[in-house]
Every structure is written in C-alpha cells, then in structure tokens.
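Visitor: This is the structure I have questions about; it appears just below.
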Amino acid sequence: MSDKIVWTYAVPDDDFTRAGEASSDVKKKLKALGVNPETIRRVSIAMYEGEINMVIHAGGGKATVTVSEECIEITLADNGPGIRDIEQAMQEGFSTATDTVRSLGFGAGMGLPNMKKYADEFYIESEVGKGTHIKMKSMIDTIEGYEISVKLSKPAPLQLDGEVIGNVTELFHQSSMIASKASIGS
C-alpha cells in the first residue's frame with residue numbers, strides 16, 4: 001500500500017500554552033481514521049513528550065506525522081543546541097531543564113525515555129550546536145472492530161463520536177495548508 005497521509009506541525013518556541021496542540025490534533029485525526037485506542041494512546045504520549053522537549057530545550061521545531069495502513073511515523077526536528085550526551089539524556093530522571101521550567105511542572109527527565117518506551121522503533125541523532133532529529137514508529141495494531149483506511153482516491157467520510165467532521169481528502173488538505181503556512185525560524 002503506497003497511500004499515506006502526512007501532517008506537519010510547527011512546534012512553538014517557549015510557549016507552554018500551545019505545547020501539545022499538535023499531539024492533540026493528531027490524536028483527534030487518528031481517532032477519526034479508525035485507529036485503535038491503544039495505538040492512539042502510545043502515539044499521543046510519544047508525540048507530546050517530543051513537543052514539550054522542543055519547547056523546553058530547542059526553541060521549537062517541526063513535527064511530521066506520516067500515517068499508513070501499517071504504521072504511524074513521527075519525525076521531530078529542531079535547530080536547538082543539540083544533546084551533548086545522548087546516552088545520559090536517555091536515562092530516566094536526567095534533565096537539563098531550568099528551575100523555571102521545573103517550577104511549571106515540566107523537566108522531570110522522562111521525555112526521551114517515554115518517547116522510546118511508547119514507540120515500537122526509536123531513533124535519535126543530535127549534534128551540539130546544530131539540533132536534534134528523532135524518528136519514532138508505532139505499528140498500527142489491529143483489534144476487532146477497528147479498521148484504518150488511508151486510501152485517498154475518493155473522499156471517505158470521517159466521523160468523530162458519530163458526527164461527520166469532513167473527509168480524508170479535506171483532512172489531508174487542511175493539514176497541508178497549515179503546514180505550508182508554518183515556518184521554522186533560522
């Protein structure tokens with residue numbers, strides 16, 4: 001199957017009030033596509049942790065989500081300071097968050113470990129002074145009663161809690177439009 005849906009999001013710089021918007025939007029869209037709840041939960045947690053890390057440590061960034069019938073891939077990219085010691089950063093409880101960030105309830109050192117824990121595959125590359133790129137893949141577990149359709153050849157209605165909210169083609173187009181208007185500073 002070669003059909004895929006791609007959503008791209010600009011993650012804000014130092015704006016905790018907007019952090020999590022992308023993962024929330026992805027959660028809503030995955031539910032509308034019929035992805036099973038456990039996969040949605042894992043993807044949402046991993047993506048949220050990535051968003052928060054980009055806000056706290058990297059001055060924002062870009063998140064790209066690719067959905068196919070087999071899996072959901074999340075790619076996170078930033079131009080932040082990079083990670084000096086990835087092995088240390090992957091340890092639960094290790095954090096370089098400021099006291100101010102910690103006073104807001106963030107920076108407990110669980111972001112990277114949780115991303116790895118909730119993804120089926122996890123890859124991280126970082127260069128000091130250049131930024132960090134993370135790729136996570138979650139396989140779409142099929143359970144009885146759930147079916148995902150990513151075919152874009154004809155608009156299929158999307159329903160959320162029984163209400164028609166659009167169709168796959170509109171969802172793809174809206175996400176692409178948002179992404180094309182977003183820019184990551186440099």
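Lettering and numbering for the structure tokens are positional, with chains as A, B, ... in the shown order, residues counted from 1 in each chain, and ligands counted from 1 in the shown order.
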What's the 12 Å shell around Ala108 (chain A), counting only C-alpha atoms, without same-chain residues fewer than 6 positions away, as a PDB file with N, CA, C and O atoms, in the first residue's frame?
Guide:
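The resulting result.pdb:
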ATOM      1  N   GLU A  49       5.521  14.202  24.427  1.00  0.00           N
ATOM      2  CA  GLU A  49       6.835  14.315  25.068  1.00  0.00           C
ATOM      3  C   GLU A  49       7.826  15.022  24.137  1.00  0.00           C
ATOM      4  O   GLU A  49       8.622  15.855  24.578  1.00  0.00           O
ATOM      5  N   ILE A  52       6.995  18.836  24.004  1.00  0.00           N
ATOM      6  CA  ILE A  52       7.432  19.520  25.223  1.00  0.00           C
ATOM      7  C   ILE A  52       8.949  19.685  25.219  1.00  0.00           C
ATOM      8  O   ILE A  52       9.463  20.752  25.560  1.00  0.00           O
ATOM      9  N   ASN A  53       9.679  18.651  24.817  1.00  0.00           N
ATOM     10  CA  ASN A  53      11.134  18.769  24.757  1.00  0.00           C
ATOM     11  C   ASN A  53      11.572  19.873  23.809  1.00  0.00           C
ATOM     12  O   ASN A  53      12.508  20.618  24.092  1.00  0.00           O
ATOM     13  N   ILE A  56      10.899  23.216  25.589  1.00  0.00           N
ATOM     14  CA  ILE A  56      11.800  23.442  26.726  1.00  0.00           C
ATOM     15  C   ILE A  56      13.242  23.669  26.285  1.00  0.00           C
ATOM     16  O   ILE A  56      13.894  24.597  26.755  1.00  0.00           O
ATOM     17  N   ALA A  89      21.157  11.457  28.433  1.00  0.00           N
ATOM     18  CA  ALA A  89      19.839  12.076  28.262  1.00  0.00           C
ATOM     19  C   ALA A  89      18.718  11.032  28.203  1.00  0.00           C
ATOM     20  O   ALA A  89      17.570  11.334  28.525  1.00  0.00           O
ATOM     21  N   GLN A  91      18.501   8.483  30.139  1.00  0.00           N
ATOM     22  CA  GLN A  91      18.292   7.927  31.477  1.00  0.00           C
ATOM     23  C   GLN A  91      17.091   8.596  32.137  1.00  0.00           C
ATOM     24  O   GLN A  91      16.988   9.824  32.161  1.00  0.00           O
ATOM     25  N   GLU A  92      16.194   7.786  32.688  1.00  0.00           N
ATOM     26  CA  GLU A  92      15.042   8.333  33.404  1.00  0.00           C
ATOM     27  C   GLU A  92      15.515   9.239  34.532  1.00  0.00           C
ATOM     28  O   GLU A  92      16.393   8.869  35.311  1.00  0.00           O
ATOM     29  N   GLY A  93      14.936  10.432  34.586  1.00  0.00           N
ATOM     30  CA  GLY A  93      15.248  11.377  35.652  1.00  0.00           C
ATOM     31  C   GLY A  93      16.329  12.383  35.306  1.00  0.00           C
ATOM     32  O   GLY A  93      16.474  13.391  35.991  1.00  0.00           O
ATOM     33  N   PHE A  94      17.103  12.150  34.252  1.00  0.00           N
ATOM     34  CA  PHE A  94      18.128  13.118  33.862  1.00  0.00           C
ATOM     35  C   PHE A  94      17.467  14.262  33.115  1.00  0.00           C
ATOM     36  O   PHE A  94      16.684  14.060  32.192  1.00  0.00           O
ATOM     37  N   SER A  95      17.773  15.497  33.525  1.00  0.00           N
ATOM     38  CA  SER A  95      17.176  16.657  32.882  1.00  0.00           C
ATOM     39  C   SER A  95      18.129  17.841  32.934  1.00  0.00           C
ATOM     40  O   SER A  95      18.855  18.011  33.906  1.00  0.00           O
ATOM     41  N   THR A  96      18.100  18.632  31.881  1.00  0.00           N
ATOM     42  CA  THR A  96      18.841  19.893  31.859  1.00  0.00           C
ATOM     43  C   THR A  96      17.885  21.073  31.912  1.00  0.00           C
ATOM     44  O   THR A  96      18.281  22.198  31.643  1.00  0.00           O
ATOM     45  N   ALA A  97      16.621  20.810  32.270  1.00  0.00           N
ATOM     46  CA  ALA A  97      15.619  21.875  32.349  1.00  0.00           C
ATOM     47  C   ALA A  97      15.981  22.879  33.438  1.00  0.00           C
ATOM     48  O   ALA A  97      16.541  22.511  34.479  1.00  0.00           O
ATOM     49  N   THR A  98      15.645  24.126  33.201  1.00  0.00           N
ATOM     50  CA  THR A  98      15.910  25.191  34.174  1.00  0.00           C
ATOM     51  C   THR A  98      14.965  25.067  35.365  1.00  0.00           C
ATOM     52  O   THR A  98      13.932  24.396  35.297  1.00  0.00           O
ATOM     53  N   ASP A  99      15.296  25.753  36.443  1.00  0.00           N
ATOM     54  CA  ASP A  99      14.425  25.774  37.616  1.00  0.00           C
ATOM     55  C   ASP A  99      13.068  26.372  37.271  1.00  0.00           C
ATOM     56  O   ASP A  99      12.040  25.934  37.800  1.00  0.00           O
ATOM     57  N   VAL A 101      11.454  26.178  34.392  1.00  0.00           N
ATOM     58  CA  VAL A 101      10.686  25.139  33.690  1.00  0.00           C
ATOM     59  C   VAL A 101      10.200  24.095  34.684  1.00  0.00           C
ATOM     60  O   VAL A 101       9.045  23.669  34.644  1.00  0.00           O
ATOM     61  N   ARG A 102      11.045  23.707  35.614  1.00  0.00           N
ATOM     62  CA  ARG A 102      10.646  22.719  36.628  1.00  0.00           C
ATOM     63  C   ARG A 102       9.529  23.248  37.523  1.00  0.00           C
ATOM     64  O   ARG A 102       8.635  22.494  37.919  1.00  0.00           O
ATOM     65  N   ASN A 114      10.304   8.249  27.737  1.00  0.00           N
ATOM     66  CA  ASN A 114       8.913   7.940  27.395  1.00  0.00           C
ATOM     67  C   ASN A 114       8.710   7.841  25.884  1.00  0.00           C
ATOM     68  O   ASN A 114       7.923   7.009  25.423  1.00  0.00           O
TER      69      ASN A 114
END
Visitor: Write out as a list in words which residues come within 12 Å of Gly129 (chain A) when counting only C-alpha atoms, dropping same-chain ones fewer than 4 positions away.
Guide: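 What passes the distance filter is Ala58, Asp78, Asn79, Gly80, Pro81, Gly82, Ile83 and Arg84 of chain A.
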Visitor: Between CA of Tyr9 (chain A) and CA of Ser23 (chain A), what is the distance in Å, rounded to a tenth?
Guide: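 Spanning CA of Tyr9 (chain A) to CA of Ser23 (chain A) is a straight-line distance of 9.4 Å.
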Visitor: Taking into account only C-alpha atoms, which residue in the set A:Phe16, A:Tyr123, A:Phe106, A:Tyr118 is nearest to Ala77 (chain A)?
Guide: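 Using only C-alpha atoms, Ala77 (chain A) sits closest to A:Tyr123.
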Visitor: Could you pull out all residues of region 12-163 of chain A with a DSSP call of strand (DSSP E) and give them as number ranges by chain?
Guide: A: 61-67, 71-77, 121-127, 131-139, 157-160, 163
Visitor: Please write the residues from the selection above to a file, keeping N, CA, C and O atoms, as a compact mmCIF listing (two decimals), in the first residue's frame.
Guide:
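Writing the result to part-v6.txt gives the following:
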# COMPACT_ATOMS: atom_id res chain seq x y z
N GLY A 61 10.37 23.73 16.95
CA GLY A 61 10.82 22.82 15.91
C GLY A 61 9.69 22.43 14.99
O GLY A 61 8.69 23.13 14.88
N LYS A 62 9.86 21.30 14.35
CA LYS A 62 8.89 20.82 13.36
C LYS A 62 8.58 19.36 13.65
O LYS A 62 9.49 18.57 13.89
N ALA A 63 7.30 19.01 13.62
CA ALA A 63 6.86 17.63 13.80
C ALA A 63 6.13 17.19 12.53
O ALA A 63 5.25 17.90 12.05
N THR A 64 6.52 16.04 12.01
CA THR A 64 5.87 15.48 10.83
C THR A 64 5.34 14.10 11.19
O THR A 64 6.08 13.28 11.72
N VAL A 65 4.07 13.87 10.90
CA VAL A 65 3.43 12.60 11.19
C VAL A 65 2.99 11.98 9.87
O VAL A 65 2.28 12.62 9.09
N THR A 66 3.42 10.75 9.63
CA THR A 66 3.06 10.03 8.41
C THR A 66 2.27 8.79 8.81
O THR A 66 2.75 7.97 9.60
N VAL A 67 1.06 8.67 8.27
CA VAL A 67 0.18 7.55 8.59
C VAL A 67 0.01 6.67 7.36
O VAL A 67 -0.33 7.16 6.29
N CYS A 71 1.67 1.61 9.83
CA CYS A 71 2.31 2.28 10.95
C CYS A 71 2.08 3.79 10.93
O CYS A 71 1.59 4.35 9.96
N ILE A 72 2.48 4.39 12.03
CA ILE A 72 2.48 5.85 12.18
C ILE A 72 3.91 6.23 12.49
O ILE A 72 4.50 5.73 13.45
N GLU A 73 4.48 7.10 11.67
CA GLU A 73 5.84 7.58 11.88
C GLU A 73 5.79 9.04 12.31
O GLU A 73 5.09 9.84 11.71
N ILE A 74 6.55 9.35 13.33
CA ILE A 74 6.66 10.73 13.81
C ILE A 74 8.12 11.13 13.67
O ILE A 74 9.01 10.44 14.17
N THR A 75 8.34 12.24 12.99
CA THR A 75 9.67 12.79 12.86
C THR A 75 9.68 14.16 13.53
O THR A 75 8.85 15.01 13.22
N LEU A 76 10.60 14.34 14.46
CA LEU A 76 10.76 15.61 15.17
C LEU A 76 12.11 16.19 14.81
O LEU A 76 13.12 15.49 14.87
N ALA A 77 12.13 17.46 14.43
CA ALA A 77 13.38 18.10 14.04
C ALA A 77 13.45 19.49 14.64
O ALA A 77 12.46 20.23 14.64
N GLU A 121 9.66 1.68 17.42
CA GLU A 121 11.03 1.95 16.98
C GLU A 121 11.35 3.39 17.34
O GLU A 121 10.50 4.27 17.22
N PHE A 122 12.58 3.63 17.75
CA PHE A 122 13.01 4.97 18.19
C PHE A 122 14.44 5.21 17.73
O PHE A 122 15.32 4.39 17.97
N TYR A 123 14.65 6.31 17.03
CA TYR A 123 15.98 6.69 16.56
C TYR A 123 16.22 8.15 16.93
O TYR A 123 15.32 8.98 16.79
N ILE A 124 17.42 8.46 17.38
CA ILE A 124 17.75 9.82 17.73
C ILE A 124 19.15 10.16 17.21
O ILE A 124 20.07 9.35 17.34
N GLU A 125 19.26 11.33 16.63
CA GLU A 125 20.54 11.87 16.19
C GLU A 125 20.60 13.30 16.69
O GLU A 125 19.62 14.04 16.60
N SER A 126 21.75 13.71 17.20
CA SER A 126 21.89 15.07 17.68
C SER A 126 23.32 15.53 17.49
O SER A 126 24.26 14.75 17.63
N GLU A 127 23.45 16.79 17.16
CA GLU A 127 24.76 17.40 17.01
C GLU A 127 24.76 18.71 17.79
O GLU A 127 23.89 19.57 17.57
N GLY A 131 21.31 20.86 16.46
CA GLY A 131 19.95 20.40 16.71
C GLY A 131 19.82 18.90 16.85
O GLY A 131 20.81 18.16 16.81
N THR A 132 18.57 18.48 16.98
CA THR A 132 18.25 17.08 17.23
C THR A 132 17.16 16.62 16.28
O THR A 132 16.22 17.37 16.01
N HIS A 133 17.29 15.39 15.79
CA HIS A 133 16.27 14.76 14.95
C HIS A 133 15.89 13.44 15.59
O HIS A 133 16.77 12.63 15.91
N ILE A 134 14.60 13.23 15.75
CA ILE A 134 14.09 12.00 16.34
C ILE A 134 13.08 11.40 15.38
O ILE A 134 12.25 12.11 14.82
N LYS A 135 13.15 10.08 15.21
CA LYS A 135 12.16 9.38 14.40
C LYS A 135 11.59 8.25 15.24
O LYS A 135 12.33 7.47 15.82
N MET A 136 10.27 8.23 15.35
CA MET A 136 9.57 7.18 16.09
C MET A 136 8.58 6.50 15.16
O MET A 136 7.96 7.16 14.33
N LYS A 137 8.46 5.21 15.33
CA LYS A 137 7.49 4.46 14.53
C LYS A 137 6.65 3.62 15.47
O LYS A 137 7.18 2.94 16.35
N SER A 138 5.33 3.68 15.27
CA SER A 138 4.40 2.86 16.02
C SER A 138 3.59 2.04 15.04
O SER A 138 2.96 2.60 14.13
N MET A 139 3.63 0.75 15.19
CA MET A 139 2.86 -0.13 14.33
C MET A 139 1.39 0.01 14.69
O MET A 139 1.05 0.20 15.86
N PRO A 157 -16.02 9.65 4.27
CA PRO A 157 -16.44 10.49 5.40
C PRO A 157 -15.67 10.13 6.67
O PRO A 157 -15.41 8.96 6.93
N LEU A 158 -15.31 11.16 7.43
CA LEU A 158 -14.68 10.96 8.73
C LEU A 158 -15.70 11.29 9.80
O LEU A 158 -16.36 12.32 9.74
N GLN A 159 -15.81 10.40 10.77
CA GLN A 159 -16.74 10.64 11.86
C GLN A 159 -15.98 10.64 13.17
O GLN A 159 -15.05 9.87 13.36
N LEU A 160 -16.38 11.52 14.05
CA LEU A 160 -15.82 11.60 15.38
C LEU A 160 -17.00 11.60 16.34
O LEU A 160 -17.84 12.50 16.29
N GLU A 163 -20.38 12.05 14.67
CA GLU A 163 -20.61 13.27 13.90
C GLU A 163 -19.64 13.32 12.73
O GLU A 163 -18.45 13.11 12.89
Visitor: Any idea what's packed within 7 Å of region 27-31 of chain A, counting only C-alpha atoms, ignoring anything in its chain fewer than 4 positions away? Could you give it as a list in words?
Guide: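 Skipping anything fewer than 4 positions along the chain leaves Ser23, Val35, Ile40 and Ser44 of chain A.
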Visitor: Save out the residues we just selected, N, CA, C and O atoms, as a PDB file, in the first residue's frame.
Guide:
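As a result, again.pdb now contains:
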ATOM      1  N   SER A  23       0.035  17.166  19.141  1.00  0.00           N
ATOM      2  CA  SER A  23      -0.288  15.800  19.552  1.00  0.00           C
ATOM      3  C   SER A  23      -1.789  15.635  19.781  1.00  0.00           C
ATOM      4  O   SER A  23      -2.356  14.581  19.466  1.00  0.00           O
ATOM      5  N   VAL A  35      -8.141   4.379  13.912  1.00  0.00           N
ATOM      6  CA  VAL A  35      -7.003   3.701  14.544  1.00  0.00           C
ATOM      7  C   VAL A  35      -7.428   3.280  15.946  1.00  0.00           C
ATOM      8  O   VAL A  35      -8.143   4.006  16.645  1.00  0.00           O
ATOM      9  N   ILE A  40      -3.382   4.893  19.449  1.00  0.00           N
ATOM     10  CA  ILE A  40      -3.545   6.342  19.594  1.00  0.00           C
ATOM     11  C   ILE A  40      -2.914   6.813  20.904  1.00  0.00           C
ATOM     12  O   ILE A  40      -2.222   7.830  20.943  1.00  0.00           O
ATOM     13  N   SER A  44       0.171   9.393  20.965  1.00  0.00           N
ATOM     14  CA  SER A  44      -0.086  10.695  21.590  1.00  0.00           C
ATOM     15  C   SER A  44       0.921  10.999  22.703  1.00  0.00           C
ATOM     16  O   SER A  44       1.411  12.125  22.809  1.00  0.00           O
TER      17      SER A  44
END
Visitor: Using CA of Lys4 (chain A) and CA of Ser68 (chain A) as the two end points, give the distance in Å to one decimal.
Guide: 4.8 Å
Visitor: Report, in Å to a single decimal, how far apart CA of Glu51 (chain A) and CA of Asp15 (chain A) are.
Guide: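 Interatomic distance here is 10.7 Å.
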